[in-house]
$ cat input39.cif   # mmCIF, C-alpha atoms
data_query
loop_
_atom_site.label_atom_id
_atom_site.label_comp_id
_atom_site.auth_asym_id
_atom_site.auth_seq_id
_atom_site.Cartn_x
_atom_site.Cartn_y
_atom_site.Cartn_z
CA MET P 1 107.99 -24.28 67.12
CA ALA P 2 109.62 -20.91 67.74
CA SER P 3 110.01 -19.95 71.35
CA ASN P 4 109.24 -16.50 72.67
CA VAL P 5 112.40 -14.48 73.22
CA TYR P 6 112.25 -11.50 75.53
CA ARG P 7 114.83 -8.77 75.16
CA PHE P 8 115.26 -6.30 77.96
CA LYS P 9 116.68 -2.88 77.21
CA PRO P 10 119.52 -2.10 79.64
CA TRP P 11 119.00 0.77 82.04
CA ASN P 12 120.44 4.11 81.14
CA VAL P 13 122.59 4.48 84.24
CA GLY P 14 123.72 7.98 83.34
CA ARG P 15 120.15 9.22 83.03
CA TRP P 16 119.11 7.66 86.32
CA LEU P 17 122.16 9.25 87.96
CA ILE P 18 121.32 12.70 86.61
CA TRP P 19 117.70 12.52 87.76
CA GLY P 20 118.80 11.18 91.14
CA VAL P 21 121.21 14.08 91.58
CA PHE P 22 118.47 16.52 90.53
CA ALA P 23 116.06 15.09 93.12
CA LEU P 24 118.78 15.10 95.78
CA MET P 25 119.57 18.75 95.06
CA LEU P 26 115.92 19.69 95.44
CA VAL P 27 115.74 17.88 98.79
CA LEU P 28 119.02 19.18 100.24
CA ALA P 29 118.93 22.76 98.92
CA PRO P 30 116.99 24.26 101.87
CA MET P 31 119.39 22.54 104.25
CA VAL P 32 122.28 24.42 102.64
CA TRP P 33 120.58 27.80 102.16
CA THR P 34 118.66 28.08 105.41
CA SER P 35 118.05 31.84 105.52
CA SER P 36 114.69 33.34 104.65
CA LEU P 37 116.22 34.92 101.54
CA GLY P 38 117.67 31.57 100.50
CA LEU P 39 114.31 29.79 100.87
CA THR P 40 112.54 32.57 98.99
CA MET P 41 114.99 32.36 96.11
CA LEU P 42 114.87 28.56 96.03
CA SER P 43 111.08 28.66 95.87
CA GLN P 44 111.15 31.17 93.04
CA ILE P 45 113.74 29.11 91.17
CA GLY P 46 111.49 26.04 91.35
CA ILE P 47 108.56 28.04 89.99
CA ALA P 48 110.71 29.60 87.28
CA ILE P 49 112.05 26.21 86.16
CA ILE P 50 108.53 24.97 85.40
CA ALA P 51 107.63 28.23 83.62
CA CYS P 52 110.79 28.31 81.50
CA LEU P 53 110.55 24.63 80.58
CA SER P 54 106.92 25.09 79.57
CA TYR P 55 107.94 28.04 77.40
CA ASN P 56 110.66 25.93 75.82
CA VAL P 57 108.03 23.40 74.72
CA LEU P 58 106.99 26.17 72.35
CA LEU P 59 110.32 27.81 71.50
CA GLY P 60 112.92 25.07 71.69
CA GLN P 61 110.83 22.01 70.84
CA GLY P 62 108.33 23.53 68.44
CA GLY P 63 110.10 26.60 67.09
CA MET P 64 107.18 28.83 68.14
CA LEU P 65 108.37 32.25 69.27
CA SER P 66 105.73 33.45 71.73
CA PHE P 67 105.54 36.93 73.20
CA GLY P 68 102.56 36.14 75.41
CA HIS P 69 103.46 33.12 77.54
CA ALA P 70 102.78 35.10 80.72
CA VAL P 71 99.08 34.99 79.80
CA TYR P 72 98.92 31.32 80.81
CA THR P 73 101.13 31.53 83.89
CA GLY P 74 99.22 34.65 84.98
CA LEU P 75 95.71 33.34 84.37
CA GLY P 76 96.70 30.15 86.14
CA SER P 77 97.76 32.29 89.10
CA PHE P 78 94.45 34.18 89.16
CA LEU P 79 92.31 31.05 88.96
CA ALA P 80 94.44 29.37 91.62
CA ILE P 81 94.19 32.25 94.09
CA HIS P 82 90.44 32.58 93.55
CA THR P 83 90.11 28.85 94.24
CA LEU P 84 92.21 29.28 97.38
CA ASN P 85 89.88 32.04 98.58
CA PHE P 86 86.83 29.86 97.86
CA ALA P 87 88.43 27.03 99.83
CA ALA P 88 89.20 29.38 102.73
CA ALA P 89 85.55 30.54 102.76
CA GLY P 90 84.34 26.94 102.79
CA LYS P 91 82.70 27.23 99.37
CA PHE P 92 84.99 24.69 97.70
CA GLY P 93 86.69 21.77 99.37
CA ILE P 94 90.16 21.23 97.94
CA PRO P 95 93.51 20.60 99.65
CA VAL P 96 96.03 23.42 99.38
CA GLY P 97 98.51 21.04 97.80
CA LEU P 98 96.22 20.57 94.78
CA ILE P 99 95.71 24.29 94.14
CA PRO P 100 98.54 24.36 91.54
CA LEU P 101 96.67 21.75 89.50
CA VAL P 102 93.75 24.19 89.32
CA GLY P 103 96.18 26.69 87.83
CA GLY P 104 97.37 24.01 85.41
CA LEU P 105 93.85 23.20 84.26
CA ALA P 106 93.14 26.92 83.86
CA GLY P 107 96.28 27.35 81.77
CA PHE P 108 95.29 24.32 79.68
CA ALA P 109 91.77 25.65 79.10
CA PHE P 110 92.90 29.14 78.10
CA ALA P 111 95.64 27.68 75.89
CA ALA P 112 93.06 25.47 74.18
CA LEU P 113 90.79 28.46 73.57
CA LEU P 114 93.35 31.06 72.54
CA GLY P 115 95.83 28.62 71.05
CA TYR P 116 93.32 27.27 68.53
CA VAL P 117 93.40 30.66 66.82
CA THR P 118 97.04 31.44 67.57
CA THR P 119 98.49 28.23 66.14
CA LYS P 120 96.71 28.56 62.80
CA LYS P 121 99.73 30.62 61.78
CA SER P 122 103.44 30.07 62.32
CA GLY P 123 106.64 32.07 62.25
CA THR P 124 106.47 35.84 62.57
CA THR P 125 102.68 35.88 62.27
CA PHE P 126 102.37 33.51 65.23
CA ALA P 127 104.69 35.72 67.29
CA MET P 128 102.66 38.84 66.50
CA ILE P 129 99.38 37.12 67.37
CA THR P 130 100.76 36.01 70.75
CA LEU P 131 101.90 39.57 71.39
CA GLY P 132 98.41 40.85 70.58
CA VAL P 133 96.76 38.26 72.81
CA GLY P 134 99.11 39.18 75.64
CA GLU P 135 98.28 42.87 75.35
CA LEU P 136 94.57 42.04 75.15
CA VAL P 137 94.63 40.04 78.37
CA TRP P 138 96.73 42.67 80.13
CA SER P 139 94.27 45.41 79.15
CA MET P 140 91.41 43.21 80.42
CA SER P 141 93.13 43.07 83.79
CA LEU P 142 92.41 46.79 84.13
CA MET P 143 88.87 46.54 82.72
CA LEU P 144 87.70 43.65 84.94
CA PRO P 145 88.71 44.50 88.51
CA GLU P 146 86.15 42.00 89.87
CA PHE P 147 88.33 39.16 88.58
CA PHE P 148 91.81 40.71 88.40
CA GLY P 149 91.53 42.85 91.52
CA GLY P 150 92.50 46.13 89.88
CA GLU P 151 95.79 47.76 90.83
CA GLY P 152 95.88 46.02 94.21
CA GLY P 153 95.45 42.53 92.79
CA ILE P 154 93.97 39.55 94.61
CA SER P 155 95.41 38.45 97.96
CA SER P 156 94.81 35.32 99.97
CA ASN P 157 96.06 33.17 102.84
CA ARG P 158 97.46 29.74 102.06
CA VAL P 159 97.07 28.53 105.66
CA ILE P 160 93.53 27.18 105.70
CA GLY P 161 91.95 24.32 107.61
CA LYS P 162 93.70 22.04 110.05
CA PRO P 163 97.30 20.90 109.45
CA VAL P 164 97.68 17.45 107.91
CA LEU P 165 100.63 15.49 109.34
CA GLY P 166 101.88 18.79 110.72
CA ILE P 167 101.88 20.45 107.29
CA SER P 168 100.03 23.75 107.23
CA PHE P 169 102.05 25.46 104.48
CA GLY P 170 102.64 28.34 106.85
CA PRO P 171 106.44 27.99 107.08
CA GLN P 172 108.25 28.82 103.84
CA VAL P 173 110.18 25.55 103.90
CA GLN P 174 106.93 23.57 103.60
CA VAL P 175 105.91 25.64 100.59
CA TYR P 176 109.35 25.08 99.09
CA TYR P 177 109.06 21.30 99.31
CA LEU P 178 105.64 21.46 97.65
CA ILE P 179 107.18 23.53 94.86
CA ALA P 180 110.13 21.11 94.65
CA LEU P 181 107.75 18.15 94.28
CA TYR P 182 105.82 19.82 91.47
CA CYS P 183 109.09 20.98 89.91
CA PHE P 184 110.53 17.46 89.78
CA VAL P 185 107.35 15.84 88.46
CA ALA P 186 106.73 18.58 85.88
CA THR P 187 110.36 18.50 84.70
CA ALA P 188 110.23 14.70 84.33
CA ALA P 189 106.92 14.91 82.46
CA MET P 190 108.21 17.54 80.03
CA PHE P 191 111.38 15.52 79.45
CA ALA P 192 109.27 12.43 78.78
CA LEU P 193 107.30 14.47 76.25
CA THR P 194 110.47 15.00 74.21
CA ARG P 195 110.82 11.20 73.90
CA THR P 196 107.26 10.54 72.71
CA PRO P 197 106.03 10.44 69.09
CA MET P 198 104.24 13.71 69.84
CA GLY P 199 107.51 15.33 70.91
CA ARG P 200 109.37 14.00 67.87
CA MET P 201 106.64 15.23 65.56
CA LEU P 202 106.79 18.63 67.22
CA ASN P 203 110.51 18.74 66.41
CA ALA P 204 109.72 17.79 62.83
CA VAL P 205 107.17 20.61 62.57
CA ARG P 206 109.86 22.96 63.86
CA ASP P 207 112.46 21.79 61.35
CA ASN P 208 110.46 21.05 58.20
CA PRO P 209 106.69 21.69 58.36
CA GLU P 210 106.25 21.16 54.61
CA ARG P 211 107.54 17.59 54.80
CA VAL P 212 105.34 16.91 57.84
CA GLU P 213 102.31 18.04 55.83
CA PHE P 214 103.46 15.88 52.92
CA ILE P 215 103.45 12.68 55.00
CA GLY P 216 99.92 13.39 56.19
CA TYR P 217 100.15 15.22 59.51
CA ASP P 218 98.28 18.41 60.33
CA THR P 219 100.95 20.85 61.55
CA GLN P 220 98.36 23.13 63.11
CA GLN P 221 97.06 20.28 65.25
CA VAL P 222 100.58 19.40 66.38
CA ARG P 223 101.29 23.02 67.33
CA TRP P 224 97.92 23.38 69.06
CA ARG P 225 98.42 20.28 71.19
CA ALA P 226 101.91 21.41 72.15
CA PHE P 227 100.47 24.83 72.96
CA MET P 228 97.94 23.27 75.34
CA ILE P 229 100.62 21.16 77.03
CA ALA P 230 102.78 24.24 77.49
CA GLY P 231 99.77 26.13 78.86
CA PHE P 232 99.08 23.37 81.37
CA PHE P 233 102.57 23.44 82.85
CA ALA P 234 102.63 27.24 82.70
CA GLY P 235 99.41 27.26 84.74
CA ILE P 236 100.99 24.95 87.32
CA SER P 237 103.85 27.41 87.62
CA GLY P 238 101.35 30.23 88.09
CA GLY P 239 99.42 28.28 90.72
CA LEU P 240 102.60 27.66 92.68
CA ALA P 241 103.45 31.36 92.46
CA ALA P 242 100.01 32.24 93.87
CA LEU P 243 100.64 29.96 96.85
CA ASN P 244 104.16 31.24 97.34
CA PHE P 245 103.42 34.97 97.26
CA GLU P 246 99.76 34.85 98.44
CA ILE P 247 99.00 37.74 96.10
CA VAL P 248 98.49 38.02 92.33
CA THR P 249 98.54 41.33 90.47
CA ALA P 250 98.06 42.35 86.85
CA GLU P 251 101.84 42.39 86.43
CA VAL P 252 101.88 38.60 86.09
CA VAL P 253 100.14 38.77 82.68
CA GLY P 254 102.20 41.72 81.41
CA ALA P 255 104.57 41.84 78.49
CA SER P 256 107.58 42.24 80.79
CA ARG P 257 106.97 38.80 82.30
CA SER P 258 106.65 37.21 78.85
CA GLY P 259 109.82 39.00 77.77
CA ALA P 260 111.65 37.65 80.81
CA TYR P 261 110.73 34.07 79.86
CA LEU P 262 112.01 34.61 76.33
CA LEU P 263 115.19 36.36 77.44
CA PHE P 264 116.29 33.82 80.03
CA VAL P 265 115.29 30.72 78.08
CA PHE P 266 117.48 32.05 75.27
CA LEU P 267 120.33 32.82 77.70
CA GLY P 268 120.08 29.34 79.20
CA GLY P 269 119.95 27.62 75.82
CA ALA P 270 116.66 26.82 74.11
CA THR P 271 118.13 24.00 71.99
CA PHE P 272 118.93 21.86 75.04
CA PHE P 273 116.42 20.49 77.53
CA PHE P 274 118.43 21.63 80.56
CA GLY P 275 119.04 25.08 79.07
CA PRO P 276 115.78 26.60 80.43
CA ILE P 277 116.68 25.26 83.89
CA ILE P 278 119.90 27.28 83.75
CA GLY P 279 117.90 30.22 82.44
CA ALA P 280 115.43 29.97 85.34
CA VAL P 281 118.25 30.10 87.88
CA LEU P 282 119.75 33.12 86.08
CA MET P 283 116.33 34.79 85.97
CA VAL P 284 115.81 34.61 89.73
CA ILE P 285 119.38 35.68 90.46
CA GLY P 286 119.10 38.54 87.98
CA ILE P 287 115.72 39.80 89.13
CA VAL P 288 116.08 39.25 92.88
CA LEU P 289 119.76 39.79 93.62
CA LEU P 290 120.92 42.04 90.80
CA SER P 291 117.98 44.38 91.28
CA GLU P 292 118.96 44.73 94.94
CA TRP P 293 122.57 45.55 94.13
CA THR P 294 122.05 48.20 91.46
CA LYS P 295 119.34 50.32 89.88
CA ALA P 296 120.89 49.66 86.48
CA TRP P 297 120.15 45.93 86.58
CA LEU P 298 117.97 46.01 83.46
CA PHE P 299 120.79 47.74 81.58
CA TYR P 300 123.19 44.98 82.65
CA LEU P 301 120.74 42.30 81.53
CA GLY P 302 120.51 43.97 78.14
CA LEU P 303 124.30 44.02 77.81
CA ILE P 304 124.54 40.36 78.82
CA PHE P 305 121.89 39.45 76.26
CA LEU P 306 123.76 41.31 73.49
CA PHE P 307 127.03 39.65 74.52
CA MET P 308 125.47 36.18 74.40
CA VAL P 309 123.87 36.83 71.02
CA MET P 310 127.23 37.91 69.61
CA TYR P 311 129.51 35.29 71.11
CA ALA P 312 127.34 32.39 72.32
CA PRO P 313 123.98 32.32 70.49
CA GLY P 314 123.35 28.79 71.74
CA GLY P 315 123.21 29.99 75.35
CA VAL P 316 125.03 28.77 78.43
CA ALA P 317 123.99 25.18 77.76
CA SER P 318 125.76 25.20 74.38
CA LEU P 319 128.96 26.43 76.02
CA ILE P 320 128.77 23.59 78.54
CA MET P 321 128.15 20.95 75.87
CA MET P 322 130.92 22.20 73.58
CA ASN P 323 133.44 22.09 76.40
CA LEU P 324 132.25 18.65 77.50
CA ARG P 325 132.93 17.46 73.95
CA VAL P 326 136.44 18.90 74.11
CA ALA P 327 136.98 17.32 77.54
CA ALA P 328 135.80 13.94 76.24
CA PHE P 329 138.69 13.99 73.76
CA GLY P 330 141.16 15.04 76.46
CA LYS P 331 141.95 18.44 74.97
CA LEU P 332 140.39 20.80 77.48
CA ARG P 333 143.69 21.33 79.28
CA ARG P 334 145.05 23.05 76.16
CA LEU P 335 142.44 25.78 76.51
CA TRP P 336 142.68 26.66 80.19
CA THR P 337 145.25 29.43 79.65
CA ALA P 338 143.08 30.93 76.91
CA TYR P 339 140.07 30.79 79.26
CA LEU P 340 142.08 32.55 81.97
CA ALA P 341 143.05 35.28 79.52
CA LEU P 342 139.44 35.67 78.39
CA GLY P 343 138.21 35.77 81.98
CA GLY P 344 140.75 38.35 83.09
CA ALA P 345 140.14 40.58 80.07
CA GLY P 346 136.39 40.22 80.45
CA ALA P 347 136.57 41.11 84.15
CA THR P 348 138.60 44.23 83.32
CA LEU P 349 136.13 45.23 80.62
CA LEU P 350 133.20 44.65 82.98
CA LEU P 351 134.86 46.66 85.75
CA GLY P 352 135.31 49.70 83.53
CA ALA P 353 131.84 49.44 82.02
CA ALA P 354 130.19 48.98 85.44
CA ALA P 355 132.01 51.99 86.86
CA MET P 356 130.83 54.13 83.94
CA ILE P 357 127.24 52.90 84.22
CA GLU P 358 127.03 53.34 87.97
CA MET P 359 128.46 56.85 87.80
CA VAL P 360 125.98 57.87 85.10
CA TYR P 361 123.10 56.46 87.13
CA HIS P 362 124.35 58.22 90.27
CA VAL P 363 124.57 61.58 88.49
CA GLN P 364 121.12 61.21 86.94
CA LEU P 365 119.17 59.60 89.79
CA ASN P 366 120.98 60.53 93.01
CA PRO P 367 122.28 64.10 92.64
CA ALA P 368 121.02 65.00 96.13
CA LEU P 369 123.46 62.49 97.70
CA GLY P 370 126.46 64.45 96.51
CA PRO P 371 129.15 63.66 93.94
CA VAL P 372 130.85 60.86 95.89
CA MET P 373 129.47 57.33 95.47
CA ASN P 374 130.53 53.90 96.65
CA PHE P 375 131.51 51.36 93.99
CA LEU P 376 132.66 47.90 95.12
CA GLY P 377 133.86 49.39 98.38
CA ALA P 378 135.81 52.22 96.74
CA PRO P 379 134.71 55.87 96.73
CA LEU P 380 134.30 57.46 93.30
CA ASN P 381 133.93 61.21 92.82
CA THR P 382 131.63 61.80 89.87
CA ALA P 383 132.54 65.50 89.86
CA SER P 384 136.19 64.73 89.11
CA ALA P 385 137.40 64.40 85.52
CA ASN P 386 140.14 62.02 86.68
CA THR P 387 137.50 59.52 87.87
CA TRP P 388 135.78 59.52 84.50
CA PHE P 389 139.09 59.26 82.66
CA GLY P 390 140.11 56.32 84.84
CA ALA P 391 136.85 54.49 84.15
CA VAL P 392 137.18 55.11 80.40
CA PHE P 393 140.83 53.96 80.49
CA VAL P 394 139.93 50.71 82.28
CA LEU P 395 137.05 50.15 79.86
CA ALA P 396 139.20 50.75 76.76
CA THR P 397 142.05 48.61 78.13
CA GLY P 398 139.66 45.77 78.94
CA ALA P 399 138.06 45.97 75.49
CA GLY P 400 141.45 45.79 73.77
CA MET P 401 142.63 42.93 75.96
CA PHE P 402 139.39 41.06 75.42
CA GLU P 403 139.62 41.34 71.65
CA LEU P 404 143.20 40.07 71.64
CA ALA P 405 142.31 37.21 73.99
CA ARG P 406 139.25 36.37 71.89
CA ARG P 407 141.29 36.12 68.69
CA SER P 408 143.89 33.94 70.37
CA PHE P 409 141.19 31.73 71.85
CA ALA P 410 139.38 31.45 68.51
CA HIS P 411 142.61 30.28 66.85
CA GLU P 412 143.32 27.71 69.56
CA TRP P 413 139.69 26.57 69.58
CA GLY P 414 139.75 26.06 65.80
CA GLU P 415 142.88 23.91 66.02
CA VAL P 416 141.35 21.78 68.78
CA GLN P 417 138.13 21.28 66.80
CA GLY P 418 140.15 20.26 63.74
CA GLU P 419 142.04 17.67 65.76
CA ILE P 420 138.79 16.33 67.18
CA GLU P 421 137.30 15.94 63.69
CA LYS P 422 140.42 14.06 62.54
CA GLU P 423 140.17 11.78 65.58
CA ILE P 424 136.49 11.08 64.85
CA LYS P 425 137.30 10.16 61.23
CA ARG P 426 140.16 7.90 62.40
CA ARG P 427 137.83 6.05 64.78
CA GLU P 428 135.20 5.68 62.08
CA ALA P 429 137.81 4.20 59.74
CA LEU P 430 138.71 1.58 62.35
#
$ encode --input "input39.cif" --output "structure tokens"
Amino acid sequence: MASNVYRFKPWNVGRWLIWGVFALMLVLAPMVWTSSLGLTMLSQIGIAIIACLSYNVLLGQGGMLSFGHAVYTGLGSFLAIHTLNFAAAGKFGIPVGLIPLVGGLAGFAFAALLGYVTTKKSGTTFAMITLGVGELVWSMSLMLPEFFGGEGGISSNRVIGKPVLGISFGPQVQVYYLIALYCFVATAAMFALTRTPMGRMLNAVRDNPERVEFIGYDTQQVRWRAFMIAGFFAGISGGLAALNFEIVTAEVVGASRSGAYLLFVFLGGATFFFGPIIGAVLMVIGIVLLSEWTKAWLFYLGLIFLFMVMYAPGGVASLIMMNLRVAAFGKLRRLWTAYLALGGAGATLLLGAAAMIEMVYHVQLNPALGPVMNFLGAPLNTASANTWFGAVFVLATGAGMFELARRSFAHEWGEVQGEIEKEIKRREAL
């Protein structure tokens, strides 16, 4: 008689460590950045992480390029803030902490409705349909002021009812920890999705939809279900944004918001799960801080995007993973001088380009302030030809240095990769 044998899969210690560090960072972050600006940025980063990860369910996991993801974050925000106003008026009893789930359900419902039509096509046609749906919803925001609030939007007050255990969600730190809780749970849920049969099938639809159809699966159904899941988490992000800002305007369903999700998910690295998290951090830093430093921040973002497309199309996450692979074989120390040369040349190139851009913007937008402007603590006279020549000289010198450093780095990188491949083959032979 055969006895039952139970086999227990060992714990993935590395994965538990990563998730533990992630949770610890969420808990300790407001203790490190205690200023009001720091808490505001941390709250926005948590919201952006959920939004970017939900977008990556479509782009990275399913290969669906969407130009209208803001529809689901935005409609989730509007439904959430209307629910908050109903709760404040005593018409609907719901705790403030569950308001984001209302946004999630709204995002799920709209994704089910609009996604059923959208996901009937794939590729470029899918992208164009999402763009059309996004423009349709944005135009409706101007046509239906009763729901969207017109140009002023819909405002609310998240402090309603009596505090529970001292939590009223009045202080920003309390709102942050609510966002952090949703951020951790949503991130874990979307990671778990990638390990389910549904997630694997979504990857298969991305890579080879014809073969998926051949083995009997309906690719449209797979895309539609993924679309609804992405809409649900996007709605949660929108609901959290409604609580955080206490106002929702038509801008949240606009094409610029959808474009921001696409841009920063790509910059972070859509092919890796943690790439959108990096992209979310970059998005908040770029929009909040960079926009405060310079009026040309959109121009800089465009240049960064072009640079990444040319030299690192896999995003920041791909750069991290490639260098971790090199470090695992003990060869990273051979590249540090090349990295220093690239960094120095890149900084010189950026300095010259930034000086040119800032001077052009000053001449065009601030002529009433006079020809002298402040750039990184140094006065620059835009009326002087020597200033322009100096900026062009620094730019040209940086470009030349960067190209030389890039070629040297590419040669060294190729040699290192060749040695790694030989080492892999040697280990396989053993």
$ closest_residue --input "input39.cif" --among "P:Phe375, P:Phe409, P:Tyr72, P:Tyr217" --to "Leu114 in chain P" --atoms "all atoms listed in the file"
P:Tyr72
$ residues_near_point --input "input39.cif" --point "(93.1, 36.3, 100.8)" --cutoff "12 Å" --atoms "all atoms listed in the file" --output "PyMOL selection string"
chain P and resi 78+80-89+149+153-160+242-243+245-248
$ resolve_selection --input "input39.cif" --expression "the PyMOL selection byres ((chain P and resi 10-23) around 12)" --output "PyMOL selection string"
chain P and resi 7-9+24-29+46+177+180-185+187-188+191+274+277
$ atom_distance --input "input39.cif" --atom1 "CA of Leu298 in chain P" --atom2 "CA of Leu282 in chain P"
13.3 Å
$ residues_around --input "input39.cif" --residues "Val253 in chain P" --least-positions-apart "3" --cutoff "6 Å" --atoms "all atoms listed in the file" --output "NGL selection string"
:P and (70-71 or 74 or 138 or 250)
$ residues_near_point --input "input39.cif" --point "(105.7, 30.5, 90.9)" --cutoff "10 Å" --atoms "all atoms listed in the file" --output "ChimeraX atom specification"
/P:43-51,73-74,77,100,179,234-245
$ resolve_selection --input "input39.cif" --expression "the PyMOL selection byres ((chain P and resi 255) around 9)" --output "compact mmCIF listing (two decimals) with C-alpha atoms, in the frame of the given file"
# COMPACT_ATOMS: atom_id res chain seq x y z
CA PHE P 67 105.54 36.93 73.20
CA GLY P 68 102.56 36.14 75.41
CA HIS P 69 103.46 33.12 77.54
CA ALA P 70 102.78 35.10 80.72
CA VAL P 71 99.08 34.99 79.80
CA LEU P 131 101.90 39.57 71.39
CA GLY P 134 99.11 39.18 75.64
CA GLU P 135 98.28 42.87 75.35
CA TRP P 138 96.73 42.67 80.13
CA GLU P 251 101.84 42.39 86.43
CA VAL P 252 101.88 38.60 86.09
CA VAL P 253 100.14 38.77 82.68
CA GLY P 254 102.20 41.72 81.41
CA SER P 256 107.58 42.24 80.79
CA ARG P 257 106.97 38.80 82.30
CA SER P 258 106.65 37.21 78.85
CA GLY P 259 109.82 39.00 77.77
CA ALA P 260 111.65 37.65 80.81
$ residues_around --input "input39.cif" --residues "Ala226 in chain P" --least-positions-apart "2" --cutoff "8 Å" --atoms "only C-alpha atoms" --output "PyMOL selection string"
chain P and resi 57-58+62+202+222-224+228-230
$ closest_residue --input "input39.cif" --among "P:Val309, P:Glu423, P:Gln417, P:Leu79" --to "Asn323 in chain P" --atoms "only C-alpha atoms"
P:Gln417
$ resolve_selection --input "input39.cif" --expression "the PyMOL selection byres ((chain P and resi 288) around 12)" --output "list of chain:residue names"
P:Leu37, P:Gly38, P:Thr40, P:Met41, P:Leu42, P:Gln44, P:Ile45, P:Ala280, P:Val281, P:Leu282, P:Met283, P:Val284, P:Ile285, P:Gly286, P:Ile287, P:Leu289, P:Leu290, P:Ser291, P:Glu292, P:Trp293, P:Thr294, P:Lys295, P:Trp297, P:Leu298
$ decode --input "input39.cif" --residues "range 87-135 of chain P" --atoms "C-alpha atoms" --output "PDB file, in the first residue's frame"
ATOM      1  CA  ALA P  87     -21.321  60.224   2.222  1.00  0.00           C
ATOM      2  CA  ALA P  88     -20.661  63.728   3.555  1.00  0.00           C
ATOM      3  CA  ALA P  89     -24.332  64.643   2.954  1.00  0.00           C
ATOM      4  CA  GLY P  90     -25.477  61.509   4.772  1.00  0.00           C
ATOM      5  CA  LYS P  91     -27.039  59.993   1.641  1.00  0.00           C
ATOM      6  CA  PHE P  92     -24.661  57.028   1.503  1.00  0.00           C
ATOM      7  CA  GLY P  93     -22.952  55.391   4.442  1.00  0.00           C
ATOM      8  CA  ILE P  94     -19.436  54.307   3.524  1.00  0.00           C
ATOM      9  CA  PRO P  95     -16.122  54.717   5.371  1.00  0.00           C
ATOM     10  CA  VAL P  96     -13.649  57.084   3.755  1.00  0.00           C
ATOM     11  CA  GLY P  97     -11.084  54.311   3.622  1.00  0.00           C
ATOM     12  CA  LEU P  98     -13.280  52.324   1.215  1.00  0.00           C
ATOM     13  CA  ILE P  99     -13.842  55.198  -1.220  1.00  0.00           C
ATOM     14  CA  PRO P 100     -10.944  54.038  -3.465  1.00  0.00           C
ATOM     15  CA  LEU P 101     -12.719  50.706  -3.938  1.00  0.00           C
ATOM     16  CA  VAL P 102     -15.675  52.645  -5.365  1.00  0.00           C
ATOM     17  CA  GLY P 103     -13.249  54.122  -7.877  1.00  0.00           C
ATOM     18  CA  GLY P 104     -11.946  50.630  -8.604  1.00  0.00           C
ATOM     19  CA  LEU P 105     -15.423  49.249  -9.239  1.00  0.00           C
ATOM     20  CA  ALA P 106     -16.188  52.237 -11.464  1.00  0.00           C
ATOM     21  CA  GLY P 107     -12.997  51.654 -13.442  1.00  0.00           C
ATOM     22  CA  PHE P 108     -13.874  47.961 -13.744  1.00  0.00           C
ATOM     23  CA  ALA P 109     -17.404  48.712 -14.959  1.00  0.00           C
ATOM     24  CA  PHE P 110     -16.310  51.259 -17.562  1.00  0.00           C
ATOM     25  CA  ALA P 111     -13.487  48.976 -18.700  1.00  0.00           C
ATOM     26  CA  ALA P 112     -15.983  46.133 -19.102  1.00  0.00           C
ATOM     27  CA  LEU P 113     -18.282  48.338 -21.164  1.00  0.00           C
ATOM     28  CA  LEU P 114     -15.747  50.143 -23.323  1.00  0.00           C
ATOM     29  CA  GLY P 115     -13.188  47.357 -23.352  1.00  0.00           C
ATOM     30  CA  TYR P 116     -15.601  44.854 -24.890  1.00  0.00           C
ATOM     31  CA  VAL P 117     -15.537  46.930 -28.064  1.00  0.00           C
ATOM     32  CA  THR P 118     -11.936  48.085 -27.766  1.00  0.00           C
ATOM     33  CA  THR P 119     -10.387  44.631 -27.367  1.00  0.00           C
ATOM     34  CA  LYS P 120     -12.088  43.196 -30.442  1.00  0.00           C
ATOM     35  CA  LYS P 121      -9.081  44.546 -32.313  1.00  0.00           C
ATOM     36  CA  SER P 122      -5.377  44.448 -31.523  1.00  0.00           C
ATOM     37  CA  GLY P 123      -2.209  46.231 -32.535  1.00  0.00           C
ATOM     38  CA  THR P 124      -2.455  49.646 -34.159  1.00  0.00           C
ATOM     39  CA  THR P 125      -6.237  49.422 -34.497  1.00  0.00           C
ATOM     40  CA  PHE P 126      -6.579  48.847 -30.750  1.00  0.00           C
ATOM     41  CA  ALA P 127      -4.355  51.865 -30.044  1.00  0.00           C
ATOM     42  CA  MET P 128      -6.414  54.102 -32.323  1.00  0.00           C
ATOM     43  CA  ILE P 129      -9.693  52.957 -30.754  1.00  0.00           C
ATOM     44  CA  THR P 130      -8.384  53.741 -27.254  1.00  0.00           C
ATOM     45  CA  LEU P 131      -7.316  57.171 -28.476  1.00  0.00           C
ATOM     46  CA  GLY P 132     -10.807  57.767 -29.867  1.00  0.00           C
ATOM     47  CA  VAL P 133     -12.472  56.601 -26.660  1.00  0.00           C
ATOM     48  CA  GLY P 134     -10.211  58.885 -24.645  1.00  0.00           C
ATOM     49  CA  GLU P 135     -11.096  61.903 -26.762  1.00  0.00           C
TER      50      GLU P 135
END
